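Heads up, work.csv below (CSV, C-alpha atoms):
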chain,number,residue,atom,x,y,z
A,13,MET,CA,32.3,18.8,-21.7
A,14,GLN,CA,29.0,17.3,-20.8
A,15,GLN,CA,29.1,15.1,-17.7
A,16,GLN,CA,27.6,11.7,-17.7
A,17,VAL,CA,25.8,9.8,-14.9
A,18,MET,CA,25.6,6.0,-14.9
A,19,ILE,CA,22.6,4.2,-13.4
A,20,VAL,CA,22.7,0.5,-12.6
A,21,GLY,CA,19.1,-0.8,-12.4
A,22,GLY,CA,16.4,-0.1,-15.0
A,23,GLY,CA,13.3,-0.7,-12.9
A,24,MET,CA,10.7,2.1,-12.4
A,25,VAL,CA,13.0,4.2,-10.2
A,26,GLY,CA,16.0,3.8,-12.5
A,27,LEU,CA,14.0,4.7,-15.6
A,28,SER,CA,12.3,7.6,-13.9
A,29,LEU,CA,15.5,9.1,-12.6
A,30,ALA,CA,17.2,8.7,-16.0
A,31,LEU,CA,14.4,10.7,-17.6
A,32,MET,CA,14.6,13.3,-14.8
A,33,LEU,CA,18.4,13.7,-15.4
A,34,ALA,CA,18.0,13.9,-19.2
A,35,LYS,CA,15.3,16.6,-18.8
A,36,GLN,CA,18.1,18.7,-17.1
A,37,ASN,CA,20.5,18.0,-20.0
A,38,ILE,CA,22.5,15.5,-18.1
A,39,ALA,CA,23.6,12.5,-20.1
A,40,VAL,CA,22.8,9.0,-18.7
A,41,LYS,CA,24.1,5.5,-19.3
A,42,LEU,CA,21.5,3.1,-17.9
A,43,LEU,CA,22.4,-0.5,-17.3
A,44,GLU,CA,19.7,-3.2,-16.7
A,45,ALA,CA,20.2,-6.9,-16.1
A,46,ILE,CA,16.9,-8.0,-17.6
A,47,ARG,CA,16.3,-7.9,-21.4
A,48,TYR,CA,13.5,-5.5,-22.0
A,49,PRO,CA,10.6,-6.4,-24.4
A,50,GLN,CA,11.1,-5.3,-28.0
A,51,GLU,CA,9.5,-2.0,-29.0
A,52,GLN,CA,7.2,-3.7,-31.6
A,53,GLN,CA,5.6,-6.0,-29.0
A,54,ALA,CA,1.9,-5.0,-28.4
A,55,GLU,CA,2.1,-6.0,-24.8
A,56,VAL,CA,4.9,-5.6,-22.2
A,57,ALA,CA,5.9,-8.9,-20.8
A,58,TYR,CA,6.2,-9.1,-17.0
A,59,HIS,CA,9.6,-7.7,-15.9
A,60,SER,CA,11.1,-7.9,-12.4
A,61,SER,CA,9.7,-4.4,-12.0
A,62,PHE,CA,6.9,-4.2,-14.5
A,63,ASP,CA,5.0,-7.0,-12.8
A,64,ALA,CA,1.5,-7.9,-11.6
A,65,ARG,CA,1.6,-5.3,-8.9
A,66,ASN,CA,0.0,-1.9,-8.9
A,67,THR,CA,1.5,1.4,-7.6
A,68,ALA,CA,-0.4,4.1,-5.8
A,69,LEU,CA,1.3,7.3,-7.0
A,70,SER,CA,1.1,10.1,-4.4
A,71,ARG,CA,0.3,13.6,-5.5
A,72,ARG,CA,4.0,14.5,-5.2
A,73,THR,CA,4.9,11.7,-7.5
A,74,VAL,CA,2.2,12.8,-10.0
A,75,GLN,CA,3.7,16.3,-9.9
A,76,ILE,CA,7.1,14.9,-10.7
A,77,TYR,CA,5.7,13.1,-13.8
A,78,GLN,CA,3.9,16.3,-14.8
A,79,LYS,CA,7.1,18.2,-14.7
A,80,LEU,CA,8.6,15.5,-17.0
A,81,GLY,CA,5.7,15.9,-19.4
A,82,LEU,CA,4.7,12.3,-18.9
A,83,TRP,CA,1.5,12.6,-17.0
A,84,SER,CA,-0.7,12.8,-20.1
A,85,ALA,CA,0.7,9.4,-21.3
A,86,LEU,CA,0.3,7.9,-17.8
A,87,GLN,CA,-3.1,9.4,-16.9
A,88,GLN,CA,-5.0,7.2,-19.4
A,89,HIS,CA,-3.9,4.2,-17.4
A,90,ALA,CA,-4.3,5.7,-13.9
A,91,THR,CA,-7.3,6.0,-11.6
A,92,PRO,CA,-7.6,8.7,-9.0
A,93,ILE,CA,-8.3,7.9,-5.3
A,94,LEU,CA,-11.0,10.3,-4.1
A,95,GLN,CA,-11.7,8.6,-0.8
A,96,VAL,CA,-9.7,6.5,1.7
A,97,HIS,CA,-11.6,4.2,4.1
A,98,ILE,CA,-9.6,2.6,7.0
A,99,THR,CA,-11.3,-0.1,9.1
A,100,GLU,CA,-10.5,-3.3,11.1
A,101,GLN,CA,-12.4,-6.5,10.5
A,102,GLY,CA,-14.7,-7.2,13.5
A,103,SER,CA,-14.1,-3.9,15.2
A,104,PHE,CA,-15.9,-0.6,15.6
A,105,GLY,CA,-13.2,1.9,14.6
A,106,LYS,CA,-13.1,3.5,11.2
A,107,ALA,CA,-11.6,6.5,9.6
A,108,ARG,CA,-12.3,8.2,6.3
A,109,LEU,CA,-10.4,10.8,4.1
A,110,LEU,CA,-12.4,12.6,1.4
A,111,ALA,CA,-10.5,14.5,-1.3
A,112,ASP,CA,-13.2,17.3,-1.6
A,113,GLN,CA,-13.0,17.9,2.2
A,114,GLU,CA,-9.2,18.2,2.0
A,115,LYS,CA,-9.6,20.5,-1.0
A,116,VAL,CA,-7.4,18.4,-3.3
A,117,GLU,CA,-8.1,16.9,-6.7
A,118,SER,CA,-7.2,13.4,-5.4
A,119,PHE,CA,-5.0,11.7,-2.8
A,120,GLY,CA,-3.1,10.0,-5.6
A,121,GLN,CA,-3.5,7.8,-8.6
A,122,VAL,CA,-3.3,4.0,-8.9
A,123,ILE,CA,-1.6,2.6,-12.0
A,124,GLU,CA,-0.6,-1.0,-13.0
A,125,ASN,CA,3.2,-1.5,-12.9
A,126,ALA,CA,3.2,-3.0,-16.4
A,127,TRP,CA,1.7,0.2,-17.8
A,128,LEU,CA,3.9,2.5,-15.8
A,129,GLY,CA,7.0,0.6,-17.0
A,130,ARG,CA,5.8,0.5,-20.6
A,131,VAL,CA,5.4,4.3,-20.7
A,132,LEU,CA,8.7,5.0,-18.9
A,133,LEU,CA,10.6,2.5,-21.2
A,134,SER,CA,9.1,4.1,-24.3
A,135,GLN,CA,10.2,7.6,-23.2
A,136,VAL,CA,13.7,6.4,-22.3
A,137,ARG,CA,14.1,4.9,-25.8
A,138,GLN,CA,13.1,8.2,-27.3
A,139,GLN,CA,15.5,10.3,-25.2
A,140,PRO,CA,18.8,10.9,-27.1
A,141,LEU,CA,20.7,11.7,-23.9
A,142,ILE,CA,20.0,8.2,-22.5
A,143,GLU,CA,22.0,5.3,-23.6
A,144,LEU,CA,20.1,2.1,-22.6
A,145,ILE,CA,22.1,-1.1,-22.2
A,146,ASP,CA,19.9,-4.1,-21.2
A,147,GLY,CA,20.8,-7.7,-20.6
A,148,VAL,CA,24.0,-6.6,-18.8
A,149,THR,CA,25.3,-8.1,-15.5
A,150,VAL,CA,27.7,-6.0,-13.4
A,151,THR,CA,30.5,-8.2,-12.1
A,152,ALA,CA,32.8,-5.8,-10.3
A,153,LEU,CA,32.8,-2.2,-8.9
A,154,ARG,CA,35.6,-0.1,-7.6
A,155,GLN,CA,36.3,3.6,-7.3
A,156,ASP,CA,39.0,6.1,-6.7
A,157,ASP,CA,39.0,9.9,-6.1
A,158,GLN,CA,38.1,10.7,-9.7
A,159,GLN,CA,36.0,7.9,-11.1
A,160,VAL,CA,33.8,4.8,-10.5
A,161,TYR,CA,34.8,1.8,-12.5
A,162,LEU,CA,32.5,-1.1,-13.5
A,163,GLU,CA,33.1,-4.5,-15.1
A,164,ALA,CA,30.1,-6.1,-16.7
A,165,THR,CA,29.1,-8.8,-19.1
A,166,ARG,CA,26.5,-8.8,-21.9
A,167,GLY,CA,26.3,-12.2,-23.5
A,168,ASP,CA,29.8,-13.0,-24.6
A,169,GLU,CA,30.9,-9.4,-24.5
A,170,THR,CA,32.9,-7.9,-21.5
A,171,LEU,CA,32.4,-4.2,-20.8
A,172,SER,CA,34.7,-1.9,-18.9
A,173,LEU,CA,32.9,1.3,-17.9
A,174,SER,CA,33.6,4.4,-15.9
A,175,THR,CA,31.7,7.4,-14.6
A,176,GLN,CA,32.1,10.3,-12.2
A,177,LEU,CA,28.8,9.5,-10.6
A,178,LEU,CA,27.2,6.0,-10.2
A,179,ILE,CA,23.6,5.7,-9.0
A,180,ALA,CA,22.9,2.1,-7.8
A,181,ALA,CA,19.2,1.4,-8.2
A,182,ASP,CA,19.6,-2.4,-8.6
A,183,GLY,CA,17.1,-3.6,-6.1
A,184,ARG,CA,16.8,-5.0,-2.6
A,185,ASP,CA,19.6,-7.5,-3.1
A,186,SER,CA,21.8,-4.8,-4.8
A,187,PHE,CA,25.1,-6.1,-6.2
A,188,CYS,CA,26.5,-2.6,-6.1
A,189,ARG,CA,25.7,-2.2,-2.4
A,190,GLN,CA,27.4,-5.5,-1.6
A,191,ALA,CA,30.5,-4.6,-3.7
A,192,LEU,CA,30.8,-1.3,-1.7
A,193,GLY,CA,30.7,-3.3,1.5
A,194,VAL,CA,27.6,-1.5,2.8
A,195,GLY,CA,25.8,-3.4,5.4
A,196,VAL,CA,22.0,-3.6,5.9
A,197,ASP,CA,19.5,-4.0,8.7
A,198,VAL,CA,17.0,-6.7,7.7
A,199,HIS,CA,13.6,-7.4,9.4
A,200,ASP,CA,11.6,-10.3,8.0
A,201,TYR,CA,7.9,-9.6,8.5
A,202,GLU,CA,7.2,-13.3,8.0
A,203,GLN,CA,4.6,-12.3,5.5
A,204,ALA,CA,4.1,-12.7,1.7
A,205,ALA,CA,2.0,-10.2,-0.3
A,206,ILE,CA,-0.7,-11.7,-2.4
A,207,VAL,CA,-1.3,-9.4,-5.4
A,208,THR,CA,-3.9,-9.5,-8.1
A,209,THR,CA,-6.9,-7.6,-9.6
A,210,VAL,CA,-10.5,-8.4,-9.0
A,211,GLN,CA,-13.9,-7.5,-10.4
A,212,THR,CA,-16.7,-6.5,-8.0
A,213,SER,CA,-20.5,-6.0,-8.5
A,214,LYS,CA,-20.4,-2.5,-7.1
A,215,PRO,CA,-18.4,0.3,-8.9
A,216,HIS,CA,-15.3,1.3,-7.0
A,217,GLN,CA,-16.3,5.0,-7.0
A,218,HIS,CA,-12.6,5.9,-6.7
A,219,ILE,CA,-12.5,4.6,-3.1
A,220,GLY,CA,-9.4,3.1,-1.6
A,221,PHE,CA,-9.9,0.6,1.3
A,222,GLU,CA,-7.4,-0.3,3.9
A,223,ARG,CA,-8.9,-3.2,5.9
A,224,PHE,CA,-6.9,-4.8,8.7
A,225,SER,CA,-7.9,-8.4,9.1
A,226,PRO,CA,-6.6,-11.4,11.1
A,227,LEU,CA,-4.9,-12.7,7.9
A,228,GLY,CA,-3.1,-9.4,7.3
A,229,PRO,CA,-3.6,-5.7,6.2
A,230,LEU,CA,-5.6,-5.8,3.0
A,231,ALA,CA,-5.6,-2.9,0.5
A,232,LEU,CA,-8.3,-2.7,-2.2
A,233,LEU,CA,-7.6,0.2,-4.6
A,234,PRO,CA,-9.6,1.4,-7.7
A,235,LEU,CA,-8.3,0.6,-11.2
A,236,PRO,CA,-9.4,1.8,-14.7
A,237,GLY,CA,-12.7,0.2,-15.5
A,238,GLU,CA,-15.6,1.0,-13.1
A,239,TYR,CA,-15.6,-2.4,-11.4
A,240,ARG,CA,-11.9,-3.3,-11.4
A,241,ARG,CA,-9.8,-3.1,-8.2
A,242,SER,CA,-6.3,-4.1,-7.2
A,243,VAL,CA,-5.6,-6.3,-4.2
A,244,VAL,CA,-2.5,-6.3,-2.0
A,245,TRP,CA,-2.9,-8.7,0.8
A,246,PRO,CA,0.0,-9.6,3.1
A,247,VAL,CA,-0.5,-13.0,4.6
A,248,LYS,CA,1.5,-15.2,6.9
A,249,LYS,CA,4.6,-16.6,5.2
A,250,GLY,CA,4.1,-20.3,4.4
A,251,THR,CA,0.4,-19.9,3.7
A,252,GLU,CA,0.6,-18.1,0.4
A,253,GLN,CA,0.1,-21.3,-1.7
A,254,GLU,CA,-3.4,-21.5,-0.2
A,255,TRP,CA,-4.3,-18.4,-2.2
A,256,LEU,CA,-2.5,-19.1,-5.5
A,257,GLY,CA,-3.5,-21.1,-8.5
A,258,GLU,CA,-6.6,-21.2,-10.6
A,259,GLU,CA,-8.1,-24.0,-8.5
A,260,ASN,CA,-8.1,-21.6,-5.5
A,261,ASP,CA,-10.0,-18.8,-7.3
A,262,GLN,CA,-13.3,-19.2,-5.4
A,263,HIS,CA,-11.5,-19.8,-2.1
A,264,PHE,CA,-9.7,-16.5,-2.6
A,265,LEU,CA,-12.9,-14.6,-3.6
A,266,ASP,CA,-14.7,-16.1,-0.6
A,267,ALA,CA,-12.0,-14.9,1.8
A,268,LEU,CA,-12.2,-11.4,0.3
A,269,GLN,CA,-16.0,-11.4,0.7
A,270,LYS,CA,-15.7,-12.5,4.4
A,271,THR,CA,-13.1,-9.8,5.1
A,272,TYR,CA,-14.9,-6.9,3.3
A,273,GLY,CA,-18.5,-7.8,3.7
A,274,ASP,CA,-20.7,-5.9,1.2
A,275,ARG,CA,-18.6,-2.7,1.0
A,276,ALA,CA,-17.4,-3.6,-2.4
A,277,GLY,CA,-20.4,-5.6,-3.4
A,278,LYS,CA,-19.9,-9.2,-4.5
A,279,PHE,CA,-16.4,-10.3,-5.5
A,280,LEU,CA,-17.1,-11.8,-8.9
A,281,LYS,CA,-13.8,-12.6,-10.6
A,282,THR,CA,-10.1,-12.7,-9.8
A,283,ALA,CA,-7.1,-12.6,-12.1
A,284,GLN,CA,-4.0,-14.8,-11.5
A,285,ARG,CA,-2.4,-14.2,-8.1
A,286,PHE,CA,1.3,-13.7,-7.4
A,287,SER,CA,3.1,-13.6,-4.1
A,288,TYR,CA,6.1,-11.6,-3.0
A,289,PRO,CA,8.0,-12.1,0.3
A,290,LEU,CA,7.9,-9.0,2.6
A,291,SER,CA,10.9,-7.7,4.5
A,292,GLN,CA,12.4,-4.4,5.5
A,293,VAL,CA,15.9,-3.9,4.3
A,294,LEU,CA,17.7,-0.6,5.2
A,295,ALA,CA,21.2,0.2,4.0
A,296,HIS,CA,23.6,1.5,6.6
A,297,ARG,CA,24.9,4.1,4.2
A,298,GLN,CA,23.4,5.6,1.0
A,299,ALA,CA,26.3,7.7,-0.3
A,300,VAL,CA,29.7,6.1,-0.5
A,301,GLY,CA,32.3,8.1,-2.3
A,302,ARG,CA,31.0,8.7,-5.8
A,303,VAL,CA,28.1,6.2,-5.5
A,304,VAL,CA,24.6,6.8,-4.4
A,305,LEU,CA,22.2,4.0,-3.4
A,306,MET,CA,18.7,4.6,-4.7
A,307,GLY,CA,15.3,2.8,-4.6
A,308,ASN,CA,15.1,-0.6,-3.0
A,309,ALA,CA,18.9,-0.7,-2.8
A,310,ALA,CA,18.7,2.1,-0.2
A,311,HIS,CA,15.5,1.1,1.6
A,312,THR,CA,12.9,-1.6,1.0
A,313,ILE,CA,9.8,-1.2,3.2
A,314,HIS,CA,6.5,-2.9,3.8
A,315,PRO,CA,3.8,-1.9,1.3
A,316,VAL,CA,1.1,-1.4,3.9
A,317,ALA,CA,0.6,2.3,3.3
A,318,GLY,CA,1.8,2.4,-0.3
A,319,GLN,CA,4.7,4.7,0.5
A,320,GLY,CA,7.8,2.8,-0.9
A,321,PHE,CA,7.9,3.9,-4.5
A,322,ASN,CA,6.8,7.5,-3.6
A,323,LEU,CA,9.6,7.7,-1.0
A,324,CYS,CA,12.0,6.7,-3.7
A,325,MET,CA,10.7,9.3,-6.1
A,326,ARG,CA,11.1,12.0,-3.5
A,327,ASP,CA,14.7,10.8,-3.0
A,328,ALA,CA,15.3,11.1,-6.8
A,329,ASP,CA,13.7,14.6,-6.9
A,330,VAL,CA,16.0,15.9,-4.1
A,331,LEU,CA,19.1,14.3,-5.6
A,332,LEU,CA,18.2,16.0,-8.9
A,333,ARG,CA,18.2,19.4,-7.1
A,334,TYR,CA,21.8,18.8,-5.8
A,335,LEU,CA,23.0,17.7,-9.2
A,336,ASN,CA,21.3,20.7,-10.9
A,337,GLN,CA,23.2,23.0,-8.6
A,338,GLN,CA,26.5,21.3,-9.4
A,339,GLN,CA,25.8,21.4,-13.1
A,340,ALA,CA,24.9,25.1,-12.9
A,341,ASN,CA,28.3,25.7,-11.2
A,342,ASN,CA,30.1,23.5,-13.8
A,343,ALA,CA,31.2,21.4,-10.8
A,344,ASP,CA,31.7,17.7,-10.3
A,345,LEU,CA,28.4,15.8,-10.3
A,346,GLY,CA,30.0,13.0,-8.3
A,347,ASP,CA,31.5,15.2,-5.5
A,348,PRO,CA,31.4,12.9,-2.5
A,349,GLU,CA,30.6,15.9,-0.2
A,350,VAL,CA,27.6,16.8,-2.2
A,351,LEU,CA,26.3,13.3,-2.3
A,352,LYS,CA,26.8,13.0,1.5
A,353,ALA,CA,24.8,16.3,1.9
A,354,TYR,CA,22.0,14.7,-0.2
A,355,GLU,CA,21.9,11.7,2.0
A,356,GLN,CA,21.7,13.8,5.2
A,357,ALA,CA,18.9,15.9,3.7
A,358,ARG,CA,16.8,12.8,2.9
A,359,LEU,CA,17.2,10.9,6.2
A,360,PRO,CA,14.5,12.7,8.2
A,361,ASP,CA,11.7,12.0,5.6
A,362,GLN,CA,12.9,8.4,5.1
A,363,ARG,CA,13.0,7.7,8.9
A,364,ARG,CA,9.5,9.1,9.4
A,365,VAL,CA,8.0,7.0,6.6
A,366,ILE,CA,9.9,3.8,7.6
A,367,LYS,CA,8.9,4.2,11.2
A,368,PHE,CA,5.3,4.9,10.3
A,369,CYS,CA,4.9,1.8,8.0
A,370,ASP,CA,6.7,-0.5,10.4
A,371,SER,CA,4.5,0.8,13.3
A,372,VAL,CA,1.3,0.2,11.4
A,373,VAL,CA,2.3,-3.4,10.5
A,374,ARG,CA,3.4,-4.3,14.0
A,375,GLY,CA,0.5,-2.4,15.7
A,376,PHE,CA,-2.2,-4.1,13.6
A,377,SER,CA,-0.6,-7.5,13.7
A,378,ASN,CA,-1.0,-7.7,17.5
A,379,ASN,CA,-4.4,-9.2,18.6
A,380,ASN,CA,-4.0,-8.2,22.2
A,381,PRO,CA,-7.6,-7.0,23.2
A,382,LEU,CA,-6.3,-3.9,24.9
A,383,LEU,CA,-4.2,-2.9,21.9
A,384,LYS,CA,-7.1,-3.6,19.6
A,385,LEU,CA,-9.3,-1.3,21.7
A,386,LEU,CA,-6.7,1.5,21.6
A,387,ARG,CA,-6.2,1.3,17.9
A,388,ASN,CA,-9.9,1.4,17.1
A,389,THR,CA,-10.3,4.3,19.5
A,390,GLY,CA,-7.5,5.9,17.6
A,391,LEU,CA,-9.3,5.4,14.3
A,392,ILE,CA,-12.4,7.2,15.7
A,393,ALA,CA,-10.3,10.0,17.1
A,394,PHE,CA,-8.6,10.4,13.7
A,395,ASP,CA,-12.1,10.7,12.1
A,396,VAL,CA,-13.4,13.4,14.6
A,397,ILE,CA,-10.4,15.5,15.9
A,398,PRO,CA,-10.1,18.8,13.9
A,399,GLY,CA,-6.8,19.3,12.1
A,400,VAL,CA,-5.6,15.7,12.1
A,401,LYS,CA,-6.9,14.7,8.7
A,402,PRO,CA,-5.3,17.5,6.7
A,403,LEU,CA,-1.9,16.8,8.3
A,404,VAL,CA,-2.1,13.1,7.6
A,405,ALA,CA,-3.5,13.6,4.2
A,406,ASN,CA,-0.8,16.0,3.1
A,407,TYR,CA,1.9,13.7,4.5
A,408,ALA,CA,0.4,10.7,2.7
A,409,MET,CA,0.3,12.6,-0.5
A,410,GLY,CA,4.0,13.4,-0.1
A,411,LEU,CA,3.5,17.1,0.0
A,412,LYS,CA,4.9,17.7,3.5
A,413,ALA,CA,8.1,15.7,3.2
Mind turning the file's structure into structure tokens?
Amino acid sequence: MQQQVMIVGGGMVGLSLALMLAKQNIAVKLLEAIRYPQEQQAEVAYHSSFDARNTALSRRTVQIYQKLGLWSALQQHATPILQVHITEQGSFGKARLLADQEKVESFGQVIENAWLGRVLLSQVRQQPLIELIDGVTVTALRQDDQQVYLEATRGDETLSLSTQLLIAADGRDSFCRQALGVGVDVHDYEQAAIVTTVQTSKPHQHIGFERFSPLGPLALLPLPGEYRRSVVWPVKKGTEQEWLGEENDQHFLDALQKTYGDRAGKFLKTAQRFSYPLSQVLAHRQAVGRVVLMGNAAHTIHPVAGQGFNLCMRDADVLLRYLNQQQANNADLGDPEVLKAYEQARLPDQRRVIKFCDSVVRGFSNNNPLLKLLRNTGLIAFDVIPGVKPLVANYAMGLKA
């Protein structure tokens, strides 16, 4: 009898994992609280996951989508990063990574979330092994030695569902995590990320900029279209309204110009800006009986180095290996011991990435003159010491996890 996995949460991680499981002939029931746009709609409406943000896909994540046979559909909406420039405003330090020097095709690909979500959703709807139920709210969760039981509502309908393995990918404020009684460690960065796209007078030339400024660490990444770039700018919480709204367009463009100088040319136009509060949320446990926490339900991290989604995709890829082995042995996919082994296997990579991102945010948020000197000296050292760049580059691409 074919075993079925249930996933709660149909964002980019949940959709991707459902496709990965179906590819291995594992049936999936996927539950999502938000109503997805209809298939006939020409444009995908903003969804809690398919929003105004962009995602930098690491080479490892690209490889996962290649194995799924999705990259040809995604690539037309993605832009490769061929260079990475890291600088601090008003300081002497700088570091550069060049794809040709590291002998790689690219460091990764930037794609708009709305396009990534559209392709994933289209593929899920075409996959016969995936049953997609949207507009459903999970109201209760319990488990015993054999099954996980869910109660849910969909409109006026009440659903009673059960599965041998539940994957909870229902976001930072995960209902499933709370229902399991799993605690979290929370650190509020007191920042909000301003995200948008801009047009510049100079072509992006596939360069990604990370610019540390007094306002916050600013990422400027290339997008399809020679002069389009994505902006992710964490600013102090409480100041985000200053940058939002059409009446503040020129104010925002002027701030970008002051921060970047002429590296990107003149900042000509900005799209609508959106803001998102930034915090680190880490679950105390990720495998509880027959339930695995995945995505932001397991770990929500700062976007400073673009590692969050890629870390989640590595989690999904490793979980799939464990489930494939269980399937090959005709064994229980929800075996708690196997799920615990998965969790232990992933903790070292997760801890390294979380520590790195947190250290960068804290280190570059401190304006102590001595610390500023040390970090700029570090940027120069990074640029000149042999052997450092390939190590960092491979790690950033997710190839050394």
Legend entry - Shortest interatomic distance to Ile313 in chain A - which of A:Gln298, A:Gln362, A:Gln121, A:Ser287, counting all atoms listed in the file: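 Among the listed residues, A:Gln362 lies closest to Ile313 in chain A.
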Legend entry - For Pro234 in chain A: contacts at 6 Å, only C-alpha atoms, fewer than 2 positions along chain excluded, given as a PyMOL selection string: chain A and resi 216+218+241
Legend entry - Residues near Asp347 in chain A, cut-off 10 Å, all atoms listed in the file, skip fewer than 4 positions along chain, as a ChimeraX atom specification: /A:157-158,176-177,301-303,335,338,343,351-352
Closest contacts (range 162-244 of chain A/range 78-100 of chain A, max 10 Å, all atoms listed in the file) as JSON lines:
{"residue": "A:His216", "atom": "CA", "partner": "A:Ile93", "partner_atom": "CA", "distance": 9.8}
{"residue": "A:Gln217", "atom": "CA", "partner": "A:Leu94", "partner_atom": "CA", "distance": 8.0}
{"residue": "A:His218", "atom": "CA", "partner": "A:Ile93", "partner_atom": "CA", "distance": 4.9}
{"residue": "A:Ile219", "atom": "CA", "partner": "A:Gln95", "partner_atom": "CA", "distance": 4.7}
{"residue": "A:Gly220", "atom": "CA", "partner": "A:Val96", "partner_atom": "CA", "distance": 4.7}
{"residue": "A:Phe221", "atom": "CA", "partner": "A:His97", "partner_atom": "CA", "distance": 4.9}
{"residue": "A:Glu222", "atom": "CA", "partner": "A:Ile98", "partner_atom": "CA", "distance": 4.8}
{"residue": "A:Arg223", "atom": "CA", "partner": "A:Thr99", "partner_atom": "CA", "distance": 5.1}
{"residue": "A:Phe224", "atom": "CA", "partner": "A:Glu100", "partner_atom": "CA", "distance": 4.6}
{"residue": "A:Ser225", "atom": "CA", "partner": "A:Glu100", "partner_atom": "CA", "distance": 6.1}
{"residue": "A:Pro226", "atom": "CA", "partner": "A:Glu100", "partner_atom": "CA", "distance": 9.0}
{"residue": "A:Pro229", "atom": "CA", "partner": "A:Glu100", "partner_atom": "CA", "distance": 8.8}
{"residue": "A:Leu230", "atom": "CA", "partner": "A:Glu100", "partner_atom": "CA", "distance": 9.8}
{"residue": "A:Ala231", "atom": "CA", "partner": "A:Ile98", "partner_atom": "CA", "distance": 9.4}
{"residue": "A:Leu232", "atom": "CA", "partner": "A:His97", "partner_atom": "CA", "distance": 9.9}
{"residue": "A:Leu233", "atom": "CA", "partner": "A:Ile93", "partner_atom": "CA", "distance": 7.8}
{"residue": "A:Pro234", "atom": "CA", "partner": "A:Thr91", "partner_atom": "CA", "distance": 6.5}
{"residue": "A:Leu235", "atom": "CA", "partner": "A:Thr91", "partner_atom": "CA", "distance": 5.5}
{"residue": "A:Pro236", "atom": "CA", "partner": "A:Thr91", "partner_atom": "CA", "distance": 5.6}
{"residue": "A:Gly237", "atom": "CA", "partner": "A:Thr91", "partner_atom": "CA", "distance": 8.8}
{"residue": "A:Glu238", "atom": "CA", "partner": "A:Thr91", "partner_atom": "CA", "distance": 9.8}
Inset, instruction - Quick one: pull the distance between CA of Thr170 in chain A and CA of Ile145 in chain A, Å, one decimal. - result: 12.8 Å
Legend entry - Cut-off 12 Å around (-15.3, -11.7, 4.6) with all atoms listed in the file: residues as a PyMOL selection string: chain A and resi 100-102+223-227+230+263-279
Dump of C-alpha atoms for the selected residues, as a compact mmCIF listing (two decimals), in the frame of the given file:
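Heads up, here's the output in part_10.txt:
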# COMPACT_ATOMS: atom_id res chain seq x y z
CA GLU A 100 -10.50 -3.30 11.10
CA GLN A 101 -12.40 -6.50 10.50
CA GLY A 102 -14.70 -7.20 13.50
CA ARG A 223 -8.90 -3.20 5.90
CA PHE A 224 -6.90 -4.80 8.70
CA SER A 225 -7.90 -8.40 9.10
CA PRO A 226 -6.60 -11.40 11.10
CA LEU A 227 -4.90 -12.70 7.90
CA LEU A 230 -5.60 -5.80 3.00
CA HIS A 263 -11.50 -19.80 -2.10
CA PHE A 264 -9.70 -16.50 -2.60
CA LEU A 265 -12.90 -14.60 -3.60
CA ASP A 266 -14.70 -16.10 -0.60
CA ALA A 267 -12.00 -14.90 1.80
CA LEU A 268 -12.20 -11.40 0.30
CA GLN A 269 -16.00 -11.40 0.70
CA LYS A 270 -15.70 -12.50 4.40
CA THR A 271 -13.10 -9.80 5.10
CA TYR A 272 -14.90 -6.90 3.30
CA GLY A 273 -18.50 -7.80 3.70
CA ASP A 274 -20.70 -5.90 1.20
CA ARG A 275 -18.60 -2.70 1.00
CA ALA A 276 -17.40 -3.60 -2.40
CA GLY A 277 -20.40 -5.60 -3.40
CA LYS A 278 -19.90 -9.20 -4.50
CA PHE A 279 -16.40 -10.30 -5.50
Legend entry - Spatial neighbours of Gln319 in chain A, 12 Å, only C-alpha atoms, chain gap at least 5 places, as a PyMOL selection string: chain A and resi 67-73+120+307+311-314+324-326+361-362+364-370+407-410+413
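For the set A:Val243, A:Ala164, A:Leu42, A:Ala310, the residue with the smallest atom-to-atom gap to Asp197 in chain A is A:Ala310, counting all atoms listed in the file.
Taking all atoms listed in the file into account, Arg184 in chain A lies nearest to A:Val198 out of the set A:Ala328, A:Val198, A:Ile19, A:Val247.
Note that CA of Asp146 in chain A and CA of Leu43 in chain A are 5.9 Å apart.
We find CA of Ala309 in chain A and CA of Asp156 in chain A to be spaced 21.6 Å apart.
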Inset, instruction - For Glu143 in chain A, work out the shell of residues within 9 Å, counting only C-alpha atoms and skipping chain neighbours fewer than 3 positions away, then give it as JSON, numbers by chain. - result: {"A": [39, 40, 41, 42, 43, 136, 137, 139, 140]}
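Distance annotation: of A:Val150, A:Tyr77, A:Leu141, A:Asn125, the residue with the minimal separation from Ala45 in chain A is A:Val150; atom set is only C-alpha atoms.
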Inset, instruction - Find the residue from A:Gly318, A:Gly195, A:Gly129, A:Pro49 that sits nearest to Val25 in chain A; use all atoms listed in the file when measuring. - result: A:Gly129
Legend entry - Which of A:Glu254, A:Glu349, A:Asp200, A:Asp329 sits closest to Ser291 in chain A [using all atoms listed in the file]: A:Asp200
Can you tell me, as a compact mmCIF listing (two decimals) with C-alpha atoms, in the coordinates of the input, which residues sit within 7 Å of (21.9, -2.0, 1.9) in the file's frame, using all atoms listed in the file?
# COMPACT_ATOMS: atom_id res chain seq x y z
CA ARG A 189 25.70 -2.20 -2.40
CA VAL A 194 27.60 -1.50 2.80
CA GLY A 195 25.80 -3.40 5.40
CA VAL A 196 22.00 -3.60 5.90
CA VAL A 293 15.90 -3.90 4.30
CA LEU A 294 17.70 -0.60 5.20
CA ALA A 295 21.20 0.20 4.00
CA HIS A 296 23.60 1.50 6.60
CA ALA A 309 18.90 -0.70 -2.80
CA ALA A 310 18.70 2.10 -0.20
